[in-house]
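J.: File name coords.cif; file contents mmCIF, C-alpha atoms; full text below.
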```cif
data_final
loop_
_atom_site.label_atom_id
_atom_site.label_comp_id
_atom_site.auth_asym_id
_atom_site.auth_seq_id
_atom_site.Cartn_x
_atom_site.Cartn_y
_atom_site.Cartn_z
CA MET D 17 -13.34 -42.17 40.98
CA LYS D 18 -13.59 -41.69 37.25
CA LYS D 19 -10.63 -40.10 35.43
CA PRO D 20 -11.49 -36.99 33.38
CA THR D 21 -11.16 -37.59 29.69
CA LYS D 22 -9.37 -35.11 27.50
CA ARG D 23 -11.39 -36.06 24.45
CA LEU D 24 -13.50 -33.24 23.02
CA SER D 25 -17.16 -33.77 22.43
CA ALA D 26 -18.29 -34.03 18.81
CA ALA D 27 -19.81 -30.54 18.98
CA GLN D 28 -16.55 -29.06 20.31
CA GLU D 29 -14.55 -30.77 17.55
CA VAL D 30 -16.82 -29.35 14.85
CA LEU D 31 -16.66 -25.88 16.41
CA GLU D 32 -12.86 -26.00 16.62
CA GLN D 33 -12.54 -27.12 12.99
CA GLN D 34 -14.77 -24.25 11.83
CA THR D 35 -13.05 -21.62 14.00
CA LEU D 36 -9.55 -22.03 12.53
CA PRO D 37 -10.48 -21.43 8.88
CA LEU D 38 -12.76 -18.56 9.93
CA ALA D 39 -9.94 -16.93 11.92
CA ASP D 40 -7.58 -17.34 8.96
CA GLU D 41 -10.18 -15.86 6.62
CA LEU D 42 -10.78 -12.90 8.94
CA ARG D 43 -7.04 -12.32 9.28
CA ALA D 44 -6.60 -12.36 5.49
CA SER D 45 -9.54 -10.00 5.00
CA LEU D 46 -8.19 -7.60 7.60
CA PHE D 47 -4.75 -7.73 6.01
CA GLU D 48 -6.26 -6.94 2.58
CA ALA D 49 -8.18 -3.99 4.03
CA VAL D 50 -5.06 -2.59 5.70
CA VAL D 51 -2.99 -2.93 2.50
CA ALA D 52 -5.77 -1.28 0.45
CA ALA D 53 -6.02 1.61 2.93
CA GLY D 54 -2.23 1.97 2.97
CA THR D 55 -2.12 2.01 -0.83
CA ALA D 56 -4.84 4.67 -1.02
CA GLU D 57 -3.02 6.83 1.54
CA ALA D 58 0.30 6.43 -0.29
CA ILE D 59 -1.34 7.57 -3.55
CA ARG D 60 -2.86 10.57 -1.76
CA MET D 61 0.48 11.55 -0.22
CA LEU D 62 2.30 11.25 -3.56
CA GLU D 63 -0.31 13.37 -5.31
CA GLU D 64 -0.06 15.96 -2.54
CA GLN D 65 3.70 16.08 -3.03
CA ARG D 66 3.33 16.42 -6.80
CA GLU D 67 0.85 19.27 -6.30
CA ALA D 68 3.37 21.06 -4.06
CA LEU D 69 5.96 20.68 -6.82
CA CYS D 70 3.79 21.45 -9.87
CA GLY D 71 0.99 23.55 -8.46
CA PRO D 72 -2.74 22.77 -8.39
CA ARG D 73 -4.16 20.69 -11.18
CA TYR D 74 -5.74 22.62 -14.11
CA LYS D 75 -4.48 25.98 -12.77
CA GLN D 76 -2.22 28.37 -14.65
CA VAL D 77 0.85 29.12 -12.54
CA ASP D 78 3.28 31.67 -13.98
CA GLU D 79 6.20 30.74 -11.68
CA ARG D 80 5.82 27.03 -12.37
CA LYS D 81 8.97 24.97 -11.77
CA ALA D 82 7.55 21.64 -12.93
CA TYR D 83 4.71 20.11 -14.94
CA ARG D 84 2.55 17.09 -14.32
CA HIS D 85 3.52 14.27 -16.61
CA GLY D 86 0.86 11.63 -16.00
CA SER D 87 1.70 8.44 -14.15
CA CYS D 88 3.19 5.05 -14.82
CA ALA D 89 2.96 1.67 -13.14
CA GLY D 90 5.09 1.32 -10.06
CA SER D 91 5.33 -1.02 -7.13
CA LEU D 92 6.29 -0.83 -3.48
CA VAL D 93 6.50 -3.34 -0.68
CA MET D 94 3.62 -3.09 1.79
CA GLY D 95 2.92 -5.59 4.50
CA GLY D 96 5.71 -7.84 3.26
CA ARG D 97 4.47 -8.10 -0.31
CA ARG D 98 4.87 -6.08 -3.48
CA VAL D 99 1.86 -3.86 -4.27
CA THR D 100 1.34 -2.28 -7.69
CA MET D 101 0.19 1.33 -7.76
CA PRO D 102 0.37 4.31 -10.11
CA ARG D 103 3.56 6.36 -9.71
CA PRO D 104 2.87 10.07 -10.36
CA ARG D 105 5.35 11.70 -12.72
CA ALA D 106 6.57 15.28 -13.00
CA ARG D 107 8.97 17.07 -15.33
CA SER D 108 10.91 20.25 -14.76
CA VAL D 109 10.25 23.20 -17.08
CA GLU D 110 13.56 22.23 -18.76
CA GLY D 111 12.11 18.76 -19.50
CA ARG D 112 14.04 16.64 -16.96
CA GLU D 113 12.18 13.85 -15.17
CA LEU D 114 11.75 14.68 -11.48
CA GLU D 115 11.42 11.94 -8.90
CA LEU D 116 9.11 12.64 -5.99
CA PRO D 117 11.07 12.46 -2.71
CA LEU D 118 8.54 10.15 -1.05
CA TRP D 119 8.64 7.68 -3.93
CA LYS D 120 12.44 7.74 -3.88
CA GLN D 121 12.49 7.06 -0.13
CA TRP D 122 9.88 4.29 -0.29
CA SER D 123 11.61 2.67 -3.28
CA ARG D 124 14.88 2.58 -1.37
CA LEU D 125 13.10 0.86 1.54
CA SER D 126 11.45 -1.60 -0.88
CA ALA D 127 14.70 -2.53 -2.63
CA PRO D 128 16.03 -6.03 -1.88
CA GLN D 129 18.75 -6.00 0.76
CA GLY D 130 21.90 -7.82 -0.08
#
```
Using the file provided, produce a representation of the structure as structure tokens.
T.:
Amino acid sequence: MKKPTKRLSAAQEVLEQQTLPLADELRASLFEAVVAAGTAEAIRMLEEQREALCGPRYKQVDERKAYRHGSCAGSLVMGGRRVTMPRPRARSVEGRELELPLWKQWSRLSAPQG
């Protein structure tokens, strides 16, 4: 009786070699898509919080407690890596810089532990 060989056929070897890079590429593409979607959602949530603080954009609000003050570059850790995104800014009517609570919380989570 002939012993079964564990050697892969040439076609199986080629298929296996092509599958690994393809799987890695798909995994990287999926990771990029998830990080991009997470970044977009974080920006939306921050803008929503700024609107709650400052009022709707381009609207006159008599009882305003804060003003929009543009944005600056910021970064947070997402998916184990640092992602750059715009950080919305707001100032009180007295002129003090106000930090959005979500940004403060996320920054604390993104800070290096040690």
J.: To one decimal in Å, tell me the separation between CA of Gly90 in chain D and CA of Pro102 in chain D.
T.: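 Pair CA of Gly90 in chain D / CA of Pro102 in chain D returns 5.6 Å.
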J.: In terms of the shortest atom-to-atom distance over all atoms listed in the file, which of D:Arg107, D:Arg124, D:Arg84, D:Arg97 is closest to Pro72 in chain D?
T.: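 Closest residue, counting all atoms listed in the file: D:Arg84.
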J.: Take CA of Lys120 in chain D and CA of Cys70 in chain D and report the distance between them in Å, one decimal.
T.: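 CA of Cys70 in chain D lies at a distance of 17.3 Å from CA of Lys120 in chain D.
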J.: Counting only C-alpha atoms, what is within 9 Å of Leu118 in chain D, bar same-chain residues fewer than 3 positions away, as a VMD selection string?
T.: chain D and resid 61 to 62 65 115 121 to 123
J.: List as a list in words the protein and nucleic acid residues near Val50 in chain D, meaning an atom at most 12 Å away when all atoms listed in the file are counted, but skip any in the same chain fewer than 6 places from it.
T.: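 My list of contacting residues is Arg43, Ala44, Ala56, Glu57, Met94 and Gly95 of chain D.
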J.: Could you spell out the hits of the PyMOL selection byres ((chain D and resi 51) around 12) on the shown file, as a ChimeraX atom specification?
T.: /D:44-50,52-58,92-101
J.: Counting all atoms listed in the file, what is within 12 Å of Arg112 in chain D, bar same-chain residues fewer than 5 positions away, as a list of chain:residue names?
T.: D:Lys81, D:Ala82, D:Tyr83, D:Arg84, D:His85, D:Arg105, D:Ala106, D:Arg107
J.: Write a file of the just-selected residues containing C-alpha atoms, as a CSV table (one decimal), in the frame of the given file.
T.:
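Result file follows (result-v6.csv):
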```csv
chain,number,residue,atom,x,y,z
D,81,LYS,CA,9.0,25.0,-11.8
D,82,ALA,CA,7.6,21.6,-12.9
D,83,TYR,CA,4.7,20.1,-14.9
D,84,ARG,CA,2.6,17.1,-14.3
D,85,HIS,CA,3.5,14.3,-16.6
D,105,ARG,CA,5.4,11.7,-12.7
D,106,ALA,CA,6.6,15.3,-13.0
D,107,ARG,CA,9.0,17.1,-15.3
```
J.: Nearest to Ala89 in chain D: which of D:Ser25, D:Pro104, D:Leu69, D:Val77 is it, counting all atoms listed in the file?
T.: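 When distances to Ala89 in chain D are compared using all atoms listed in the file, the smallest one comes from D:Pro104.
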J.: Could you tell me how far CA of Glu64 in chain D sits from CA of Gln76 in chain D, in Å to one decimal place?
T.: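 Between CA of Gln76 in chain D and CA of Glu64 in chain D the gap works out to 17.5 Å.
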